[in-house]
Amino acid sequence: MPDGQIRIALYLNQFFGQVGGEESAGVPPRILEEAAGPGRAVLGLLNPEEALVCTVVCGDNYFAENPDQVAQEVVELLRPYKPDLLIAGPAFNAGRYGTACGALCQTAQNALGIACVSAMYRENPGVDLYRRKVIILEAGENARQMRDTLARMLDAGRRLAAGRPIGRPRDERYFPQGRLVPVIEDRPSAVRAADMLLAKLRGEPFHSEVQLPVFQPHAAPPPLSDVRHATIALVTDGGLVPLGNPDGIEGYASTKWGAYSIDGVDSLNPKDYEISHGGYDPRYILSDPHRLVGLDIARELEQEGAFGRLHPAIVSTGGLANPVDNSRRLGKEMAAYLKESGVDAVILTST
Amino acid sequence: MITSELERAGIPTAHVCTMTPVAEMVGSHRIVTGNGIVHPLGDSELSPDEERRVRRRILEQALASLQKPADAQDAQAES
Amino acid sequence: MRLELQVRRVRDLRIGGETRLDDGVLAVDVDALCSYLLEQDRRLSGLRFEVAHPGELCRITSIADIVEPRAKLSGGVDFPGVLGALEPAGSGTTVVLRGMAVTILNPLERAGGRGPVLDMGGRHKEGWSAQDLTVFANLHHLVTIPQLAPGVVGDDALNALRLAILRAAVWLASHTGSGARDAVESYDLVPVPDLPRVAYVFQIHSHQRPTVAGEPLLYGDNARHLLPVVLHPNEVLDGAVLQGYSSRGNYIIQNHPVILELYRRHGIDLSFAGVVAVVAHQTAPERERSALMAANLVSETLHADGVILTKTGGGAPHIDMAQIAHRCEQLGVRSTLIAWDLSSSDGAEEGSALFNYPDLDAIVSMGSNGYRLSLPAVERVITPEDDTSLLERAGAPMAATANQFVGVLDQFGGGRWATALY
């Protein structure tokens with residue numbers, strides 16, 4: 001951050017940049033010599049050591065047709081002006097405009113290493129596309145609160161440009177970037193819960209501290225067409241491992257998995273196994289591991305011809321309190337191993 | 001969640017578990033109700049022979065579910 | 001039902017001399033306490049004692065329980081159904097030694113393993129102090145390290161430890177029961193008709209670790225298949241409810257954060273409607289039955305407008321809690337849950353929860369169970385081990401997930417450790 005002046009650049013679409021309406025949505029990016037539209041409001045909000053060094057305008061369609069490339073183009077237009085901070089928008093609920101603002105900010109952050117701030121209405125598609133990488137303040141649906149929104153953008157932008165930390169989304173009113181950070185709160189959770197419940201009962205706004213995840217659905221694999229020749233593997237996330245836990249599978253938030261041979265073995269001897277899973281009372285399975293991995297019956301079914309053959313190893317990991325990203329990785333690795341081993345189907349037992 | 005990854009890789013997976021709402025939430029397609037958290041394929045209150053019968057019943061259900069299309073699954077099993 | 005707690009503050013604690021509390025300084029005749037405890041239970045063959053103070057660079061390992069010294073003066077017995085006869089809890093007067101706890105260690109905690117630890121002082125690299133992370137680091141601890149008689153193992157040993165610490169807590173409070181009171185607290189739910197009614201659903205145990213015969217949870221019962229039951233909050237505060245052997249801090253039930261907060265606000269901005277005690281179940285049918293019955297009690301018996309729910313145990317009990325909350329919402333009772341988030345250290349937002357009912361839109365975080373906290377080296381370790389190399393290892397800097405530290409993941413609402421969404 002250079003001494004002296006703080007150099008601010010502004011990005012606007014063709015409408016707010018007063019080039020034209022929808023008929024001008026295809027115009028390529030250009031620098032405006034004079035502050036236009038919201039740029040004039042920005043001038044009125046600047047501190048003495050700040051300057052609006054340029055305004056760049058681009059048509060929404062021009063941008064939307066090729067966002068990454070056009071973002072680069074705009075960045076090159078901005079570069080000679082050496083901005084410290086880029087304000088993009090506010091885009092309110094204009095979808096193409098919001099997407100352009102998000103793409104531009106993301107590119108400018110990387111290419112120029114400068115602070116960027118945008119603002120949009122929560123339903124603007126630009127929010128979900130770019131909030132993880134770009135600070136996007138919550139704005140209204142339309143331009144009624146333009147000046148107020150610009151003031152907030154400048155306020156946040158100043159701090160970002162100075163390298164100072166920005167506060168929490170719920171306090172600063174920007175869209176969460178998807179990072180969960182451990183903190184010490186000022187009040188215990190019981191107090192926060194009572195506050196939150198009363199706000200909810202009164203119909204006042206509140207912010208849940210824990211967001212529920214959205215699990216992407218996936219297609220179900222087709223059923224086995226020829227079970228009599230199928231290779232079936234026994235898999236568990238109940239943490240059954242050979243005595244001594246040779247692979248060091250953790251009993252909590254496991255990061256590892258193992259495949260343990262049962263070649264030529266008809267049953268699991270309790271003396272040979274232990275449990276690495278802190279989430280349940282293991283005594284019943286320790287005294288008879290078949291209560292988790294049903295090898296004894298599986299062998300009987302194999303011999304009866306209910307299926308082709310049993311994969312010669314048990315695949316195991318721990319499922320206790322495992323963050324989703326860990327579980328996904330473990331699952332992917334196990335899937336790769338099973339496919340390579342020619343396994344056709346799996347029976348997975350969880351505790 | 002491991003089940004989801006196996007299924008995403010195209011491996012039909014019968015998921016024996018007690019926490020069936022979790023399995024449903026993350027999208028396991030072939031859920032078979034196990035017999036309790038601490039002994040999903042057993043029952044400490046039964047004799048060994050009765051336990052093996054319970055185990056066989058659940059494993060047979062698992063095998064059956066692997067041979068049926070996912071949409072034709074029965075979420076419930078008799079306990 | 002009216003409960004009066006007569007509070008005597010403890011500002012310092014030492015071993016030796018006659019047992020007395022003067023001007024906030026508690027002296028303990030540990031030989032007398034030891035004789036008493038050994039006499040009461042032959043499963044104990046010996047005891048030694050240590051003291052730990054807030055702020056000390058001291059680590060306590062293998063903690064089996066932490067209990068606030070209290071003794072009934074009138075209107076009931078101590079820990080009915082466990083130490084005392086089956087009498088109702090929640091009325092009368094009780095003397096409380098506040099600012100300290102009696103803490104018992106488990107000599108059978110896996111050899112070399114340290115179990116969850118309590119650091120009394122020091123700072124984490126993130127800048128948090130021990131006191132920021134757990135209420136237990138704000139207390140003076142009389143630490144009791146027992147020796148178990150030969151052959152006393154497993155659940156029998158755990159039972160011996162539980163009863164010993166409860167007895168020690170009562171003994172200490174009874175022996176210092178007279179003398180000046182620093183405060184008197186009254187707990188009495190006077191009806192307040194015009195304020196929103198708020199109930200609390202208290203998951204007292206998770207049968208991921210099924211309780212065994214004689215493991216005392218509710219008036220001494222092991223609650224193995226507990227159907228939802230309404231309790232007066234005073235019963236919880238006054239010794240009717242204990243945690244299972246696998247949980248490590250009955251202090252938090254005696255000073256139940258949600259119950260105390262609802263009491264604090266009773267008559268101000270809410271009416272505390274009552275407590276529904278539940279357990280997290282082993283099987284799906286039990287879980288569903290519990291959910292529908294608990295929601296019915298909250299809605300139709302307690303006539304609550306809103307409900308706060310907490311859970312205990314591991315990850316799976318979130319499901320039990322969520323099912324009850326969802327049914328409450330369906331009956332028109334608004335809910336707020338206290339839950340942990342399951343994000344790992346890189347904090348991906350998606351990691352957060354084990355349930356997904358859209359109507360559960362008010363969730364307070366009790367912190368991440370995946371984040372690795374780092375603790376500095378300490379100067380002193382209190383542990384059942386004698387082995388010096390183990391002692392050295394136990395005192396070294398350590399990094400582990402929050403559940404490895406006693407009291408950080410405070411499941412009953414007393415903690416300030418949380419996860420913020422950025």
# chains A, B, ... in the order shown; residues from 1 in each chain; ligands from 1
>>> interface_residues(of="chain C", to="chain B", cutoff="9 Å", atoms="only C-alpha atoms", output="PyMOL selection string")
chain C and resi 207-210+281-284+316+319+354-356
>>> closest_atom_pairs(of="chain A", to="chain B", cutoff="7 Å", atoms="only C-alpha atoms", output="Markdown table")
| residue | atom | partner | partner_atom | distance |
| --- | --- | --- | --- | --- |
| A:Phe215 | CA | B:Val26 | CA | 5.8 |
| A:Pro217 | CA | B:Gly27 | CA | 6.2 |
| A:His218 | CA | B:Arg8 | CA | 6.4 |
| A:Ala220 | CA | B:His29 | CA | 5.9 |
| A:Pro221 | CA | B:Gly10 | CA | 5.0 |
| A:Pro222 | CA | B:Pro69 | CA | 6.2 |
| A:Pro223 | CA | B:Gln67 | CA | 4.7 |
| A:Leu224 | CA | B:Gln67 | CA | 4.9 |
| A:Ser225 | CA | B:Gln67 | CA | 6.8 |
| A:Tyr280 | CA | B:Val38 | CA | 6.4 |
| A:Asp281 | CA | B:Val38 | CA | 6.3 |
| A:Pro282 | CA | B:Val38 | CA | 6.6 |
| A:Tyr284 | CA | B:His39 | CA | 6.4 |
| A:Ile285 | CA | B:His39 | CA | 6.4 |
| A:His290 | CA | B:Leu41 | CA | 6.9 |
| A:Arg291 | CA | B:Leu41 | CA | 4.3 |
| A:Leu292 | CA | B:Leu41 | CA | 5.5 |
| A:Gly294 | CA | B:Leu41 | CA | 6.6 |
| A:Ile297 | CA | B:Arg56 | CA | 6.0 |
| A:Ser327 | CA | B:Ile2 | CA | 5.7 |
| A:Arg328 | CA | B:Ile2 | CA | 6.1 |
| A:Leu330 | CA | B:Ile2 | CA | 6.9 |
| A:Gly331 | CA | B:Ile2 | CA | 4.3 |
| A:Lys332 | CA | B:Glu5 | CA | 5.5 |
| A:Ala335 | CA | B:Leu6 | CA | 5.1 |
| A:Asp344 | CA | B:Ile11 | CA | 6.3 |
| A:Ala345 | CA | B:Pro12 | CA | 5.0 |
| A:Val346 | CA | B:Thr13 | CA | 4.6 |
| A:Ile347 | CA | B:Ala14 | CA | 4.8 |
| A:Leu348 | CA | B:His15 | CA | 4.9 |
| A:Thr349 | CA | B:Val16 | CA | 4.7 |
| A:Ser350 | CA | B:Cys17 | CA | 4.9 |
| A:Thr351 | CA | B:Ile37 | CA | 4.4 |
>>> residues_around(residues="Gly76 (chain C)", least_positions_apart="4", cutoff="7 Å", atoms="only C-alpha atoms", output="list in words")
Lys72, Glu87, Pro88, Ala89, Ser91 and Gly92 of chain C
>>> atom_distance(atom1="CA of Ile114 (chain A)", atom2="CA of Lys82 (chain A)")
9.3 Å
>>> closest_atom_pairs(of="chain A", to="chain C", cutoff="9 Å", atoms="only C-alpha atoms", output="CSV")
residue,atom,partner,partner_atom,distance
A:Gly167,CA,C:Tyr422,CA,8.3
A:Arg168,CA,C:Tyr422,CA,5.6
A:Pro169,CA,C:Tyr422,CA,5.9
A:Arg170,CA,C:Leu421,CA,8.5
A:Phe175,CA,C:Tyr422,CA,8.5
A:Pro176,CA,C:Tyr422,CA,5.2
A:Gln177,CA,C:Tyr422,CA,5.6
A:Gly178,CA,C:Glu349,CA,4.7
A:Arg179,CA,C:Tyr422,CA,5.1
A:Leu180,CA,C:Gly347,CA,4.6
A:Val181,CA,C:Ala420,CA,5.2
A:Pro182,CA,C:Thr419,CA,4.3
A:Val183,CA,C:Ala418,CA,5.4
A:Ile184,CA,C:Trp417,CA,4.6
A:Glu185,CA,C:Arg416,CA,4.9
A:Asp186,CA,C:Arg416,CA,6.7
A:Arg187,CA,C:Arg416,CA,5.9
A:Pro188,CA,C:Arg416,CA,4.4
A:Ser189,CA,C:Gly413,CA,4.7
A:Ala190,CA,C:Gly413,CA,4.2
A:Val191,CA,C:Glu261,CA,6.3
A:Arg192,CA,C:Val364,CA,6.9
A:Ala193,CA,C:Val364,CA,5.9
A:Ala194,CA,C:Leu262,CA,7.4
A:Met196,CA,C:Ala362,CA,6.9
A:Leu197,CA,C:Thr336,CA,5.6
A:Leu198,CA,C:Gly306,CA,8.0
A:Lys200,CA,C:Arg334,CA,7.4
A:Leu201,CA,C:Arg334,CA,6.9
A:Phe206,CA,C:Ala362,CA,7.9
A:His207,CA,C:Ala362,CA,7.2
A:Ser208,CA,C:Ala362,CA,4.7
A:Glu209,CA,C:Val364,CA,5.1
A:Val210,CA,C:Ile363,CA,5.5
A:Gln211,CA,C:Ser352,CA,6.6
A:Leu212,CA,C:Asn356,CA,5.9
A:Pro213,CA,C:Glu350,CA,5.0
A:Val214,CA,C:Glu350,CA,7.3
A:Phe215,CA,C:Glu350,CA,8.4
A:Tyr252,CA,C:Gly370,CA,8.8
A:Ala253,CA,C:Gly370,CA,6.9
A:Gly278,CA,C:Gly314,CA,8.6
A:Gly279,CA,C:Gly314,CA,6.0
A:Tyr280,CA,C:Gln208,CA,4.5
A:Asp281,CA,C:Arg209,CA,4.6
A:Pro282,CA,C:Arg209,CA,8.3
A:Leu320,CA,C:Gly315,CA,7.1
A:Ala321,CA,C:Gly315,CA,5.4
A:Asn322,CA,C:Leu342,CA,6.9
A:Pro323,CA,C:Leu342,CA,5.1
A:Val324,CA,C:Gly351,CA,4.9
A:Asp325,CA,C:Gly351,CA,6.7
A:Asn326,CA,C:Ser344,CA,7.8
A:Thr351,CA,C:Gln208,CA,8.8
>>> write_last_selection(atoms="C-alpha atoms", output="PDB file, in the first residue's frame")
ATOM      1  CA  GLY A 167     -15.339  -8.700  10.590  1.00  0.00           C
ATOM      2  CA  ARG A 168     -17.829 -11.550  10.454  1.00  0.00           C
ATOM      3  CA  PRO A 169     -20.408 -11.785   7.697  1.00  0.00           C
ATOM      4  CA  ARG A 170     -23.303 -11.393  10.105  1.00  0.00           C
ATOM      5  CA  PHE A 175     -22.228 -13.182   2.121  1.00  0.00           C
ATOM      6  CA  PRO A 176     -20.386 -15.929   4.042  1.00  0.00           C
ATOM      7  CA  GLN A 177     -17.343 -17.131   2.209  1.00  0.00           C
ATOM      8  CA  GLY A 178     -17.756 -20.674   3.426  1.00  0.00           C
ATOM      9  CA  ARG A 179     -14.946 -20.772   5.943  1.00  0.00           C
ATOM     10  CA  LEU A 180     -15.530 -22.061   9.441  1.00  0.00           C
ATOM     11  CA  VAL A 181     -13.121 -20.487  11.883  1.00  0.00           C
ATOM     12  CA  PRO A 182     -12.849 -21.448  15.557  1.00  0.00           C
ATOM     13  CA  VAL A 183     -13.459 -18.494  17.833  1.00  0.00           C
ATOM     14  CA  ILE A 184     -14.076 -17.693  21.452  1.00  0.00           C
ATOM     15  CA  GLU A 185     -17.417 -15.934  21.695  1.00  0.00           C
ATOM     16  CA  ASP A 186     -18.238 -13.218  24.178  1.00  0.00           C
ATOM     17  CA  ARG A 187     -21.123 -15.210  25.698  1.00  0.00           C
ATOM     18  CA  PRO A 188     -21.604 -18.928  26.362  1.00  0.00           C
ATOM     19  CA  SER A 189     -23.676 -20.918  23.898  1.00  0.00           C
ATOM     20  CA  ALA A 190     -26.625 -21.209  26.320  1.00  0.00           C
ATOM     21  CA  VAL A 191     -26.996 -17.418  26.354  1.00  0.00           C
ATOM     22  CA  ARG A 192     -26.667 -17.219  22.580  1.00  0.00           C
ATOM     23  CA  ALA A 193     -29.287 -19.949  22.233  1.00  0.00           C
ATOM     24  CA  ALA A 194     -31.775 -18.126  24.445  1.00  0.00           C
ATOM     25  CA  MET A 196     -31.575 -16.658  19.185  1.00  0.00           C
ATOM     26  CA  LEU A 197     -34.761 -18.422  20.248  1.00  0.00           C
ATOM     27  CA  LEU A 198     -36.358 -15.241  21.520  1.00  0.00           C
ATOM     28  CA  LYS A 200     -37.044 -16.289  16.370  1.00  0.00           C
ATOM     29  CA  LEU A 201     -40.194 -16.189  18.546  1.00  0.00           C
ATOM     30  CA  PHE A 206     -31.326 -13.896  13.461  1.00  0.00           C
ATOM     31  CA  HIS A 207     -28.359 -15.747  12.016  1.00  0.00           C
ATOM     32  CA  SER A 208     -27.895 -19.423  12.580  1.00  0.00           C
ATOM     33  CA  GLU A 209     -24.307 -20.134  13.592  1.00  0.00           C
ATOM     34  CA  VAL A 210     -24.323 -23.535  11.927  1.00  0.00           C
ATOM     35  CA  GLN A 211     -25.424 -23.822   8.327  1.00  0.00           C
ATOM     36  CA  LEU A 212     -26.865 -27.074   7.114  1.00  0.00           C
ATOM     37  CA  PRO A 213     -24.950 -28.644   4.268  1.00  0.00           C
ATOM     38  CA  VAL A 214     -26.478 -29.417   0.946  1.00  0.00           C
ATOM     39  CA  PHE A 215     -25.558 -32.868  -0.247  1.00  0.00           C
ATOM     40  CA  TYR A 252     -11.820 -40.007  15.593  1.00  0.00           C
ATOM     41  CA  ALA A 253     -11.949 -38.038  12.334  1.00  0.00           C
ATOM     42  CA  GLY A 278     -14.295 -43.751  19.894  1.00  0.00           C
ATOM     43  CA  GLY A 279     -17.974 -43.295  19.232  1.00  0.00           C
ATOM     44  CA  TYR A 280     -19.605 -46.387  20.563  1.00  0.00           C
ATOM     45  CA  ASP A 281     -19.142 -48.998  23.214  1.00  0.00           C
ATOM     46  CA  PRO A 282     -16.966 -51.566  21.424  1.00  0.00           C
ATOM     47  CA  LEU A 320     -16.740 -41.264  14.068  1.00  0.00           C
ATOM     48  CA  ALA A 321     -17.375 -37.567  13.686  1.00  0.00           C
ATOM     49  CA  ASN A 322     -15.606 -37.514  10.368  1.00  0.00           C
ATOM     50  CA  PRO A 323     -15.694 -34.235   8.517  1.00  0.00           C
ATOM     51  CA  VAL A 324     -17.402 -34.577   5.195  1.00  0.00           C
ATOM     52  CA  ASP A 325     -14.289 -33.767   3.206  1.00  0.00           C
ATOM     53  CA  ASN A 326     -12.323 -36.530   4.955  1.00  0.00           C
ATOM     54  CA  THR A 351     -22.273 -48.531  13.740  1.00  0.00           C
TER      55      THR A 351
END
>>> closest_residue(among="C:Leu5, C:Ala377, C:Val276, C:Ala213", to="Ser186 (chain C)", atoms="only C-alpha atoms")
C:Leu5
>>> select_by_dssp(residues="chain B", states="strand (DSSP E or B)", output="list of chain:residue names")
B:Thr13, B:Ala14, B:His15, B:Val16, B:Cys17, B:Ile31, B:Val32, B:Thr33
>>> write_last_selection(atoms="C-alpha atoms", output="PDB file, in the first residue's frame")
ATOM      1  CA  THR B  13     -23.445 -50.647  -2.105  1.00  0.00           C
ATOM      2  CA  ALA B  14     -25.805 -52.043   0.481  1.00  0.00           C
ATOM      3  CA  HIS B  15     -25.420 -49.815   3.534  1.00  0.00           C
ATOM      4  CA  VAL B  16     -26.229 -51.639   6.761  1.00  0.00           C
ATOM      5  CA  CYS B  17     -26.717 -49.040   9.446  1.00  0.00           C
ATOM      6  CA  ILE B  31     -30.086 -48.753   3.019  1.00  0.00           C
ATOM      7  CA  VAL B  32     -30.584 -51.857   5.145  1.00  0.00           C
ATOM      8  CA  THR B  33     -31.521 -51.350   8.784  1.00  0.00           C
TER       9      THR B  33
END
>>> closest_residue(among="A:Ala336, A:Asn93, A:Arg299, A:Glu141", to="Pro125 (chain A)", atoms="only C-alpha atoms")
A:Asn93
